[in-house]
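Visitor: Encoded as structure tokens, here's the structure I'll be asking about.
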Amino acid sequence: MAALDGAVKKALPQKPSAALASAVKAAPEGDDWLHEIKFDGYRILARLHKGDVQLISRNGNDWTRKFPEIRHRLEKLAVQDAILDGEIIALADDGTSSFRNLQEALSARDTRGLVYQLFDLQHLDGYNLAAVPLQQRKEILHQLVNAANTDDASPLVRYTDHIRGHGPEFFGQSCRLGLEGIISKKIDSHYRTGRGTIWLKAKCANQEEFLICGYTRPNGGRKGFGSLLLGAWHGDELVYTGRVGTGFSQNLLLSLYERLRELTSEECPFPSPPENEVGVRWVTPTLIAEVEFTEWTRDGVLRHSSFRGLREDKEPAEIQLPEAAPQHAQVKKPKAVAQTAKGAQTAKGAQTAKVAQTTEAAQTTKVAQTTNVAPATKKARVNQAEVAGVRLSNPDRILFPDQGITKLHLAQYYEDIAEWVLPLISNRPLSLVRCPDGRTGECFFQKHPRTVISEAIPRVDIPEKEGTKPYLYVTALPHLIGLVQAGALELHVWGSRVDKLEQPDQLVFDLDPAANVSLKEIFRVAFELKQRIEDLGLATFPRITGGKGLHLVVPLVPKLEWEEAKNFCRAIAQQAASDDKTRLTANMAKSKRHGKTFIDYLRNGRSATAIASYSTRARPGAPVAVPVSWDEVNDSLTPNRYTLENLRRRLGALQSDPWQEFEEARRPITSKMLAKAGLKKT
DNA sequence: GAAAGCG
DNA sequence: CGCTTTCAACGCTTG
DNA sequence: CAAGCG
Ligand SMILES: [Mn+2]
Ligand SMILES: [Mn+2]
């Protein structure tokens with residue numbers, strides 16, 4: 001150690017402090033930067049002294065007792081004394097870290113699944129390493145962690161790897177994967193505590209911390225609070241920054257509500273109270289909420305905000321108004337008189353009149369949008385909303401309880417991504433999975449609209465065995481919102497369009513892995529099938545389904561009718577299966593699938609459907625089916641990694657549509673192809 | 001979610 | 001009138 | 001043919 005350049009003999013500090021990263025818009029270029037994935041957890045310094053371990057939070061509190069397993073693991077590190085720097089996270093199977101899961105683990109006192117990701121080393125065995133170049137500090141740390149983990153397949157304490165250079169590419173790739181962002185560090189830098197410019201953070205979405213300053217009463221049937229009112233310090237003035245009403249599970253919402261009730265205050269904490277906030281309960285601003293949002297409106301409030309968790313490791317005074325916030329709101333003088341919540345009118349009558357969420361800034365997307373909470377008139381119209389001109393009943397009904405995602409939020413999701421979803425879903429007959437009481441309620445499949453669904457959504461009559469039946473299809477955003485109003489959580493589409501129903505314009509090969517098939521194997525199978533289809537002269541585009549598998553979608557010029565098309569698909573699937581009998585089957589029977597991947601070619605029948613691109617799934621985690629490009633099909637991808645909560649990060653980072661070439665790649669199925677697939681010419 | 005049925 | 005009940009797919013494969 | 005499948 002003494003031989004190490006920069007190491008200085010020094011006593012172990014009693015109260016170590018951490019280096020902090022400064023926010024930047026883009027990742028730095030050049031080989032003199034190292035880049036790490038940004039974790040979504042708690043920043044923790046570990047102080048090791050003669051077998052004794054102390055875990056210290058960002059604001060200097062002793063959190064050792066919160067993480068007994070990690071403490072125990074650190075006690076076994078082969079060091080006399082050390083200061084380690086890292087982040088404690090809840091690590092999911094797909095390699096992502098979730099702050100929500102971390103907090104749930106902490107409040108349930110079940111911290112066994114948590115992992116300590118170490119990325120720096122301040123002090124080791126009598127020497128201060130602050131002046132040792134970063135790369136060397138990380139090498140020493142790496143060896144230390146490796147030596148301790150030799151016989152551990154799933155270690156609790158891990159070394160955090162980095163890539164050198166290629167910052168902008170790494171950042172783009174991280175965002176396309178739906179991650180939070182990256183941290184960039186100067187390769188030869190010393191360890192400097194406090195905020196500096198040698199550690200930089202680039203984020204994939206707007207995410208900031210705000211003080212919880214109040215809450216609204218819940219709307220019909222809901223418990224606890226409806227949404228939180230947020231603020232931040234601007235100098236010594238507390239400024240209102242908007243509300244957040246999604247992102248909490250039921251449990252979290254109720255426990256947060258208990259804490260807020262103890263903080264309730266008669267007095268509005270804002271010198272300039274927000275306008276039109278009726279029936280708000282104010283609280284003393286002490287709790288800190290981490291919030292993700294799409295943008296600031298011109299009024300200086302958050303748009304599309306979503307709660308990510310409570311920060312227990314910061315001080316309220318640290319919460320300053322971000323520089324990106326428009327100055328507008330602070331200048332504005334109060335119009336409305338501050339209300340102290342007194343159960344005025346009926347409980348339900350305490351309805352927020354209008355959220356400051358439709359401003360000019362909010363109107364800039366391609367698709368016309370109007371997202372309003374309707375004014376409370378008397379009592380009849382209470383609790384209704386409108387999106388894209390379509391009336392939503394029960395906008396506050398929770399459809400995904402673990403995420404607190406409501407019907408209004410689902411409608412806003414489709415409004416937000418309309419330009420992505422509409423080209424891929426328009427003019428195709430639909431089947432729906434409806435869950436009017438949410439994902440965990442009773443769900444059912446629906447093919448025919450009957451009375452349930454808005455007359456404004458177009459129908460096409462399709463001949464069936466006996467007579468002709470109506471099917472829904474969409475051509476525009478309001479139709480999608482109409483489906484949301486009906487409680488549709490999954491949209492499944494035909495492989496043909498309403499103007500050419502009998503001739504498919506796309507095929508779907510649905511790869512359904514058995515439970516114990518690894519991702520690697522699914523993807524290997526997918527590439528082999530891709531090759532097989534390309535050899536026939538057709539293109540394939542991959543789509544992760546939001547469930548467990550993957551689709552290969554084949555663009556066609558409509559020519560053959562359904563029966564011939566399906567025969568073609570069956571021949572391909574059976575050929576693939578017979579060439580790889582151990583890993584594949586073309587037999588739908590579950591008993592024949594054990595340990596294998598089923599090539600479900602049966603999506604390619606008349607009236608068969610497949611999940612639509614960008615449709616949500618009625619599954620845990622609020623996943624979404626997402627078109628990807630073939631070069632994204634690798635170890636980083638999982639079939640359900642994109643969700644209602646993180647898809648926006650991906651779309652924002654995409655340089656181009658991963659299915660950009662889809663239209664140009666259309667080809668008819670020729671008799672040559674049929675012959676090559678082993679079918680007789682027609 | 002919405003219409004029909006029931007007390 | 002308000003509360004409860006009912007309904008919301010189906011064709012093809014497989015053994 | 002009934003049962004299973006998505
Ligand atoms: Mn599937
Ligand atoms: Mn399938």
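In the structure tokens, chains take letters A, B, ... by order of appearance, with residues numbered from 1 within each chain and ligands from 1 in the order shown.
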Please give me, as a list of chain:residue names, the residues lying within 10 Å of ligand 2 when counting only C-alpha atoms (C1' of nucleotides) and all ligand atoms.
Guide: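 Selection of residues at most 10 Å from ligand 2: A:Val508, A:Phe509, A:Asp510, A:Leu511, A:Asp512, A:Pro513, A:Gly549, A:Leu550, A:His551, A:Met588, A:Phe598, A:Ile599, A:Asp600, A:Tyr601, A:Leu602, A:Arg603, A:Thr609, A:Ala610, A:Ile611, D:DC5, D:DG6.
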Visitor: For stretch 5-7 of chain C, list every protein, DNA or RNA residue within 10 Å, evaluated using only C-alpha atoms (C1' of nucleotides), and leave out those in the same chain fewer than 4 positions away; present the list as a list in words.
Guide: DA2, DA3, DA4, DG5 and DC6 of chain B
Visitor: Selection from above, all heavy atoms, as a tab-separated table (two decimals), in the first residue's frame, can you write it?
Guide:
```tsv
chain	number	residue	atom	x	y	z
B	2	DA	P	-69.38	2.61	-19.13
B	2	DA	OP1	-69.22	3.39	-20.37
B	2	DA	OP2	-69.49	3.27	-17.82
B	2	DA	O5'	-70.63	1.65	-19.31
B	2	DA	C5'	-70.69	0.85	-20.47
B	2	DA	C4'	-71.97	0.04	-20.44
B	2	DA	O4'	-71.87	-1.02	-19.46
B	2	DA	C3'	-73.22	0.84	-20.06
B	2	DA	O3'	-74.26	0.41	-20.91
B	2	DA	C2'	-73.47	0.45	-18.61
B	2	DA	C1'	-73.02	-1.00	-18.64
B	2	DA	N9	-72.64	-1.55	-17.35
B	2	DA	C8	-72.00	-0.92	-16.31
B	2	DA	N7	-71.77	-1.67	-15.27
B	2	DA	C5	-72.31	-2.90	-15.64
B	2	DA	C6	-72.39	-4.13	-14.97
B	2	DA	N6	-71.92	-4.33	-13.74
B	2	DA	N1	-72.99	-5.17	-15.63
B	2	DA	C2	-73.46	-4.97	-16.86
B	2	DA	N3	-73.43	-3.84	-17.59
B	2	DA	C4	-72.84	-2.85	-16.91
B	3	DA	P	-75.58	1.25	-21.08
B	3	DA	OP1	-75.50	1.93	-22.38
B	3	DA	OP2	-75.84	2.02	-19.85
B	3	DA	O5'	-76.65	0.08	-21.19
B	3	DA	C5'	-76.31	-1.10	-21.92
B	3	DA	C4'	-77.10	-2.26	-21.35
B	3	DA	O4'	-76.52	-2.68	-20.10
B	3	DA	C3'	-78.56	-1.93	-21.07
B	3	DA	O3'	-79.36	-2.97	-21.59
B	3	DA	C2'	-78.64	-1.85	-19.55
B	3	DA	C1'	-77.54	-2.82	-19.13
B	3	DA	N9	-76.95	-2.53	-17.82
B	3	DA	C8	-76.50	-1.33	-17.35
B	3	DA	N7	-76.00	-1.38	-16.13
B	3	DA	C5	-76.13	-2.72	-15.79
B	3	DA	C6	-75.80	-3.43	-14.61
B	3	DA	N6	-75.23	-2.87	-13.55
B	3	DA	N1	-76.06	-4.76	-14.59
B	3	DA	C2	-76.63	-5.32	-15.67
B	3	DA	N3	-77.00	-4.75	-16.82
B	3	DA	C4	-76.72	-3.45	-16.82
B	4	DA	P	-80.91	-2.90	-21.50
B	4	DA	OP1	-81.43	-3.29	-22.83
B	4	DA	OP2	-81.32	-1.63	-20.87
B	4	DA	O5'	-81.22	-4.07	-20.47
B	4	DA	C5'	-80.57	-5.33	-20.63
B	4	DA	C4'	-80.90	-6.23	-19.45
B	4	DA	O4'	-80.18	-5.77	-18.28
B	4	DA	C3'	-82.39	-6.21	-19.08
B	4	DA	O3'	-82.78	-7.54	-18.78
B	4	DA	C2'	-82.45	-5.28	-17.87
B	4	DA	C1'	-81.09	-5.56	-17.21
B	4	DA	N9	-80.54	-4.47	-16.41
B	4	DA	C8	-80.45	-3.15	-16.75
B	4	DA	N7	-79.88	-2.40	-15.83
B	4	DA	C5	-79.58	-3.29	-14.82
B	4	DA	C6	-78.97	-3.12	-13.56
B	4	DA	N6	-78.53	-1.94	-13.11
B	4	DA	N1	-78.82	-4.22	-12.79
B	4	DA	C2	-79.26	-5.40	-13.26
B	4	DA	N3	-79.85	-5.68	-14.43
B	4	DA	C4	-79.98	-4.57	-15.17
B	5	DG	P	-84.25	-7.84	-18.35
B	5	DG	OP1	-84.59	-9.15	-18.94
B	5	DG	OP2	-85.11	-6.66	-18.58
B	5	DG	O5'	-84.08	-8.02	-16.77
B	5	DG	C5'	-83.08	-8.92	-16.28
B	5	DG	C4'	-83.20	-8.98	-14.77
B	5	DG	O4'	-82.58	-7.82	-14.19
B	5	DG	C3'	-84.64	-9.02	-14.25
B	5	DG	O3'	-84.71	-9.98	-13.20
B	5	DG	C2'	-84.88	-7.60	-13.76
B	5	DG	C1'	-83.49	-7.21	-13.28
B	5	DG	N9	-83.19	-5.77	-13.29
B	5	DG	C8	-83.46	-4.88	-14.28
B	5	DG	N7	-83.06	-3.66	-14.02
B	5	DG	C5	-82.47	-3.78	-12.75
B	5	DG	C6	-81.87	-2.78	-11.94
B	5	DG	O6	-81.69	-1.58	-12.17
B	5	DG	N1	-81.40	-3.33	-10.73
B	5	DG	C2	-81.54	-4.64	-10.37
B	5	DG	N2	-81.05	-4.98	-9.18
B	5	DG	N3	-82.11	-5.58	-11.12
B	5	DG	C4	-82.54	-5.07	-12.29
B	6	DC	P	-86.11	-10.31	-12.53
B	6	DC	OP1	-86.15	-11.77	-12.38
B	6	DC	OP2	-87.21	-9.57	-13.20
B	6	DC	O5'	-85.91	-9.65	-11.09
B	6	DC	C5'	-84.65	-9.78	-10.43
B	6	DC	C4'	-84.71	-9.04	-9.12
B	6	DC	O4'	-84.35	-7.65	-9.34
B	6	DC	C3'	-86.09	-9.04	-8.47
B	6	DC	O3'	-85.96	-9.30	-7.09
B	6	DC	C2'	-86.62	-7.64	-8.74
B	6	DC	C1'	-85.33	-6.82	-8.75
B	6	DC	N1	-85.38	-5.58	-9.55
B	6	DC	C2	-84.76	-4.42	-9.05
B	6	DC	O2	-84.20	-4.46	-7.96
B	6	DC	N3	-84.79	-3.29	-9.80
B	6	DC	C4	-85.40	-3.29	-10.98
B	6	DC	N4	-85.40	-2.15	-11.69
B	6	DC	C5	-86.03	-4.46	-11.52
B	6	DC	C6	-86.01	-5.57	-10.77
```
Visitor: How would you write, as an MDAnalysis selection string, the set of residues in stretch 46-295 of chain A that DSSP gives as helix (DSSP H, G or I)?
Guide: chainID A and resid 64:66 68:75 99:107 134:148 167:176 250:262
Visitor: Run DSSP on the backbone and tell me which residues of stretch 14-47 of chain A come out as strand (DSSP E or B); list them as a ChimeraX atom specification.
Guide: /A:19-24,33-37,42-47
Visitor: For chain A, list the residues within 10 Å of chain B, counting only C-alpha atoms (C1' of nucleotides), and write the list as a compact mmCIF listing (two decimals) with N, CA and C atoms, in the first residue's frame.
Guide:
```txt
# COMPACT_ATOMS: atom_id res chain seq x y z
N SER A 393 -64.95 7.83 -17.17
CA SER A 393 -65.55 7.69 -15.85
C SER A 393 -64.52 7.08 -14.90
N ARG A 434 -60.31 -7.15 -21.09
CA ARG A 434 -60.85 -6.07 -20.26
C ARG A 434 -60.77 -6.45 -18.79
N CYS A 435 -60.34 -5.50 -17.99
CA CYS A 435 -60.27 -5.69 -16.54
C CYS A 435 -60.83 -4.42 -15.89
N PRO A 436 -62.14 -4.27 -15.89
CA PRO A 436 -62.72 -3.01 -15.39
C PRO A 436 -62.33 -2.71 -13.94
N ASP A 437 -62.03 -3.75 -13.16
CA ASP A 437 -61.61 -3.52 -11.77
C ASP A 437 -60.11 -3.61 -11.61
N THR A 451 -72.92 -3.54 -26.47
CA THR A 451 -73.27 -2.17 -26.09
C THR A 451 -72.17 -1.48 -25.31
N VAL A 452 -71.27 -2.30 -24.80
CA VAL A 452 -70.36 -1.80 -23.78
C VAL A 452 -69.52 -0.62 -24.24
N ILE A 453 -69.20 -0.66 -25.52
CA ILE A 453 -68.12 0.21 -25.93
C ILE A 453 -68.63 1.34 -26.82
N GLN A 485 -61.49 3.54 -21.54
CA GLN A 485 -62.72 3.75 -20.77
C GLN A 485 -63.46 2.44 -20.51
N ALA A 486 -63.35 1.50 -21.48
CA ALA A 486 -64.00 0.19 -21.32
C ALA A 486 -63.19 -0.73 -20.42
N GLY A 487 -62.05 -0.25 -19.93
CA GLY A 487 -61.23 -1.07 -19.05
C GLY A 487 -60.35 -2.06 -19.78
```
Visitor: Using only C-alpha atoms and all ligand atoms, which of A:Ile405, A:Leu552, A:Ile83, A:Ala665 sits nearest ligand 1?
Guide: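 Closest residue, counting only C-alpha atoms and all ligand atoms: A:Leu552.
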Visitor: Define the interface residues of chain C facing chain A as those within 12 Å, counting only C-alpha atoms (C1' of nucleotides), and report them as an mmCIF file with N, CA and C atoms (P, O5', C5', C4', C3', O3' and C1' of nucleotides), in the first residue's frame.
Guide:
```
data_model
loop_
_atom_site.group_PDB
_atom_site.id
_atom_site.type_symbol
_atom_site.label_atom_id
_atom_site.label_comp_id
_atom_site.auth_asym_id
_atom_site.auth_seq_id
_atom_site.Cartn_x
_atom_site.Cartn_y
_atom_site.Cartn_z
ATOM 1 P P DC C 7 -75.633 -14.539 -17.754
ATOM 2 O "O5'" DC C 7 -74.759 -13.740 -18.819
ATOM 3 C "C5'" DC C 7 -75.374 -12.739 -19.623
ATOM 4 C "C4'" DC C 7 -74.291 -11.814 -20.115
ATOM 5 C "C3'" DC C 7 -73.064 -12.542 -20.654
ATOM 6 O "O3'" DC C 7 -72.927 -12.247 -22.027
ATOM 7 C "C1'" DC C 7 -72.478 -10.695 -19.281
ATOM 8 P P DA C 8 -72.129 -13.192 -22.991
ATOM 9 O "O5'" DA C 8 -70.997 -12.226 -23.570
ATOM 10 C "C5'" DA C 8 -71.250 -10.851 -23.811
ATOM 11 C "C4'" DA C 8 -69.959 -10.094 -23.647
ATOM 12 C "C3'" DA C 8 -68.737 -10.938 -24.011
ATOM 13 O "O3'" DA C 8 -68.242 -10.507 -25.270
ATOM 14 C "C1'" DA C 8 -68.429 -9.753 -21.936
ATOM 15 P P DA C 9 -68.157 -11.613 -26.334
ATOM 16 O "O5'" DA C 9 -67.600 -12.714 -25.462
ATOM 17 C "C5'" DA C 9 -66.688 -13.768 -25.651
ATOM 18 C "C4'" DA C 9 -66.280 -14.001 -27.082
ATOM 19 C "C3'" DA C 9 -67.013 -15.168 -27.717
ATOM 20 O "O3'" DA C 9 -67.050 -14.949 -29.110
ATOM 21 C "C1'" DA C 9 -64.713 -15.666 -27.469
ATOM 22 P P DC C 10 -68.003 -15.883 -29.974
ATOM 23 O "O5'" DC C 10 -66.954 -16.833 -30.678
ATOM 24 C "C5'" DC C 10 -65.838 -16.239 -31.321
ATOM 25 C "C4'" DC C 10 -64.864 -17.327 -31.624
ATOM 26 C "C3'" DC C 10 -65.533 -18.658 -32.026
ATOM 27 O "O3'" DC C 10 -64.919 -19.077 -33.196
ATOM 28 C "C1'" DC C 10 -63.877 -19.013 -30.426
ATOM 29 P P DG C 11 -65.750 -19.910 -34.286
ATOM 30 O "O5'" DG C 11 -64.583 -20.282 -35.290
ATOM 31 C "C5'" DG C 11 -63.497 -19.369 -35.470
ATOM 32 C "C4'" DG C 11 -62.194 -20.125 -35.432
ATOM 33 C "C3'" DG C 11 -62.264 -21.474 -36.161
ATOM 34 O "O3'" DG C 11 -61.050 -21.624 -36.856
ATOM 35 C "C1'" DG C 11 -61.575 -21.814 -33.924
ATOM 36 P P DC C 12 -60.873 -22.657 -37.998
ATOM 37 O "O5'" DC C 12 -59.617 -23.440 -37.447
ATOM 38 C "C5'" DC C 12 -58.467 -22.709 -37.043
ATOM 39 C "C4'" DC C 12 -57.686 -23.568 -36.096
ATOM 40 C "C3'" DC C 12 -57.460 -24.991 -36.613
ATOM 41 O "O3'" DC C 12 -56.073 -25.193 -36.729
ATOM 42 C "C1'" DC C 12 -58.161 -24.976 -34.342
ATOM 43 P P DT C 13 -55.465 -26.566 -37.210
ATOM 44 O "O5'" DT C 13 -54.886 -27.185 -35.865
ATOM 45 C "C5'" DT C 13 -54.078 -26.368 -35.029
ATOM 46 C "C4'" DT C 13 -53.749 -27.135 -33.764
ATOM 47 C "C3'" DT C 13 -53.177 -28.533 -33.995
ATOM 48 O "O3'" DT C 13 -52.113 -28.707 -33.084
ATOM 49 C "C1'" DT C 13 -55.100 -28.664 -32.619
ATOM 50 P P DT C 14 -51.019 -29.820 -33.284
ATOM 51 O "O5'" DT C 14 -51.476 -30.919 -32.238
ATOM 52 C "C5'" DT C 14 -51.630 -30.544 -30.882
ATOM 53 C "C4'" DT C 14 -52.408 -31.601 -30.140
ATOM 54 C "C3'" DT C 14 -52.026 -33.040 -30.492
ATOM 55 O "O3'" DT C 14 -51.366 -33.592 -29.373
ATOM 56 C "C1'" DT C 14 -54.388 -32.741 -30.260
ATOM 57 P P DG C 15 -50.540 -34.930 -29.488
ATOM 58 O "O5'" DG C 15 -51.428 -35.966 -28.670
ATOM 59 C "C5'" DG C 15 -51.965 -35.588 -27.405
ATOM 60 C "C4'" DG C 15 -53.017 -36.591 -27.025
ATOM 61 C "C3'" DG C 15 -52.644 -38.033 -27.361
ATOM 62 O "O3'" DG C 15 -53.172 -38.905 -26.371
ATOM 63 C "C1'" DG C 15 -54.625 -37.453 -28.475
#
```
Visitor: Using only C-alpha atoms (C1' of nucleotides), determine which residues lie at most 7 Å from A:Val280, disregarding the query and same-chain residues fewer than 2 positions distant; provide the list as a list in words.
Guide: Gly214, Tyr215, Thr216, Glu277, Val278, Trp282 and Ala341 of chain A
Visitor: Please determine, counting only C-alpha atoms and all ligand atoms, which residue among A:Ile544, A:Leu584, A:Leu287, A:Leu260 has the shortest atom-to-atom distance to ligand 1.
Guide: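 Selected residue with least distance to ligand 1: A:Ile544.
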Visitor: Tell me, as a ChimeraX atom specification, which residues lie within 12 Å of A:Tyr127, counting only C-alpha atoms (C1' of nucleotides); anything in the same chain fewer than 3 positions away does not count.
Guide: /A:1-13,79-83,121-124,130-132,137
Visitor: Store the residues picked out above, limited to N, CA, C and O atoms, as a short mmCIF file (atom, residue, chain, number, x, y, z; two decimals), in the first residue's frame.
Guide:
```cif
data_model
loop_
_atom_site.label_atom_id
_atom_site.label_comp_id
_atom_site.auth_asym_id
_atom_site.auth_seq_id
_atom_site.Cartn_x
_atom_site.Cartn_y
_atom_site.Cartn_z
N MET A 1 0.83 -1.21 0.00
CA MET A 1 0.00 0.00 0.00
C MET A 1 0.86 1.25 0.00
O MET A 1 0.60 2.21 -0.72
N ALA A 2 1.90 1.19 0.83
CA ALA A 2 2.78 2.37 0.92
C ALA A 2 3.41 2.68 -0.43
O ALA A 2 3.67 3.84 -0.75
N ALA A 3 3.60 1.61 -1.24
CA ALA A 3 4.22 1.79 -2.54
C ALA A 3 3.27 2.47 -3.53
O ALA A 3 3.69 2.95 -4.56
N LEU A 4 2.02 2.49 -3.18
CA LEU A 4 1.01 3.02 -4.10
C LEU A 4 1.13 4.54 -4.19
O LEU A 4 1.14 5.24 -3.18
N ASP A 5 1.21 5.00 -5.42
CA ASP A 5 1.34 6.44 -5.64
C ASP A 5 0.09 7.17 -5.14
O ASP A 5 -1.02 6.86 -5.56
N GLY A 6 0.29 8.09 -4.24
CA GLY A 6 -0.85 8.87 -3.76
C GLY A 6 -1.40 8.42 -2.44
O GLY A 6 -2.09 9.16 -1.76
N ALA A 7 -1.08 7.18 -2.02
CA ALA A 7 -1.58 6.70 -0.74
C ALA A 7 -0.86 7.41 0.39
O ALA A 7 0.35 7.55 0.37
N VAL A 8 -1.62 7.86 1.37
CA VAL A 8 -1.05 8.62 2.47
C VAL A 8 -1.43 7.95 3.78
O VAL A 8 -2.61 7.64 4.00
N LYS A 9 -0.43 7.72 4.63
CA LYS A 9 -0.73 7.08 5.91
C LYS A 9 -1.59 8.02 6.75
O LYS A 9 -1.31 9.21 6.90
N LYS A 10 -2.70 7.49 7.23
CA LYS A 10 -3.65 8.37 7.91
C LYS A 10 -4.58 7.54 8.78
O LYS A 10 -4.85 6.37 8.47
N ALA A 11 -5.08 8.14 9.83
CA ALA A 11 -6.04 7.43 10.68
C ALA A 11 -7.38 7.31 9.97
O ALA A 11 -7.73 8.15 9.14
N LEU A 12 -8.12 6.26 10.32
CA LEU A 12 -9.45 6.07 9.73
C LEU A 12 -10.38 7.19 10.19
O LEU A 12 -10.54 7.41 11.39
N PRO A 13 -11.01 7.90 9.26
CA PRO A 13 -11.88 9.01 9.68
C PRO A 13 -13.10 8.50 10.44
O PRO A 13 -13.65 7.45 10.12
N VAL A 79 -9.90 -7.16 5.60
CA VAL A 79 -9.25 -5.86 5.78
C VAL A 79 -9.23 -5.49 7.26
O VAL A 79 -10.09 -5.92 8.03
N GLN A 80 -8.25 -4.68 7.63
CA GLN A 80 -8.19 -4.15 8.99
C GLN A 80 -9.19 -3.02 9.14
O GLN A 80 -10.08 -3.07 9.97
N ASP A 81 -8.97 -2.00 8.29
CA ASP A 81 -9.96 -0.92 8.28
C ASP A 81 -10.08 -0.35 6.86
O ASP A 81 -9.17 -0.47 6.05
N ALA A 82 -11.26 0.20 6.60
CA ALA A 82 -11.52 0.69 5.24
C ALA A 82 -12.74 1.59 5.23
O ALA A 82 -13.59 1.51 6.12
N ILE A 83 -12.78 2.48 4.24
CA ILE A 83 -14.01 3.21 3.92
C ILE A 83 -14.39 2.82 2.49
O ILE A 83 -13.65 3.10 1.54
N LEU A 121 -13.29 3.35 -3.09
CA LEU A 121 -12.56 2.97 -1.88
C LEU A 121 -11.78 4.20 -1.42
O LEU A 121 -10.87 4.65 -2.09
N GLN A 122 -12.19 4.73 -0.25
CA GLN A 122 -11.55 5.96 0.22
C GLN A 122 -10.31 5.70 1.07
O GLN A 122 -9.40 6.50 1.10
N HIS A 123 -10.36 4.57 1.77
CA HIS A 123 -9.35 4.34 2.80
C HIS A 123 -9.16 2.84 2.93
O HIS A 123 -10.11 2.08 2.85
N LEU A 124 -7.89 2.41 3.09
CA LEU A 124 -7.66 0.98 3.27
C LEU A 124 -6.44 0.74 4.15
O LEU A 124 -5.35 1.24 3.86
N ALA A 130 -7.45 8.80 -1.19
CA ALA A 130 -8.12 9.86 -1.95
C ALA A 130 -7.27 10.37 -3.10
O ALA A 130 -7.80 10.75 -4.15
N ALA A 131 -5.96 10.35 -2.93
CA ALA A 131 -5.10 10.90 -3.98
C ALA A 131 -4.60 9.83 -4.94
O ALA A 131 -3.81 10.11 -5.84
N VAL A 132 -5.07 8.59 -4.76
CA VAL A 132 -4.76 7.54 -5.73
C VAL A 132 -5.74 7.69 -6.90
O VAL A 132 -6.93 7.89 -6.67
N ARG A 137 -7.86 2.91 -7.68
CA ARG A 137 -8.70 2.63 -6.51
C ARG A 137 -9.70 1.54 -6.84
O ARG A 137 -9.93 0.63 -6.05
#
```
Visitor: Please identify all polymer residues within 7 Å of A:Leu55, counting only C-alpha atoms (C1' of nucleotides), omitting same-chain residues fewer than 3 positions from it, and present them as a list in words.
Guide: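 Counting only the stated atoms, we get Ile44, Leu45, Ala46, Arg47, Asp62, Trp63 and Thr64 of chain A.
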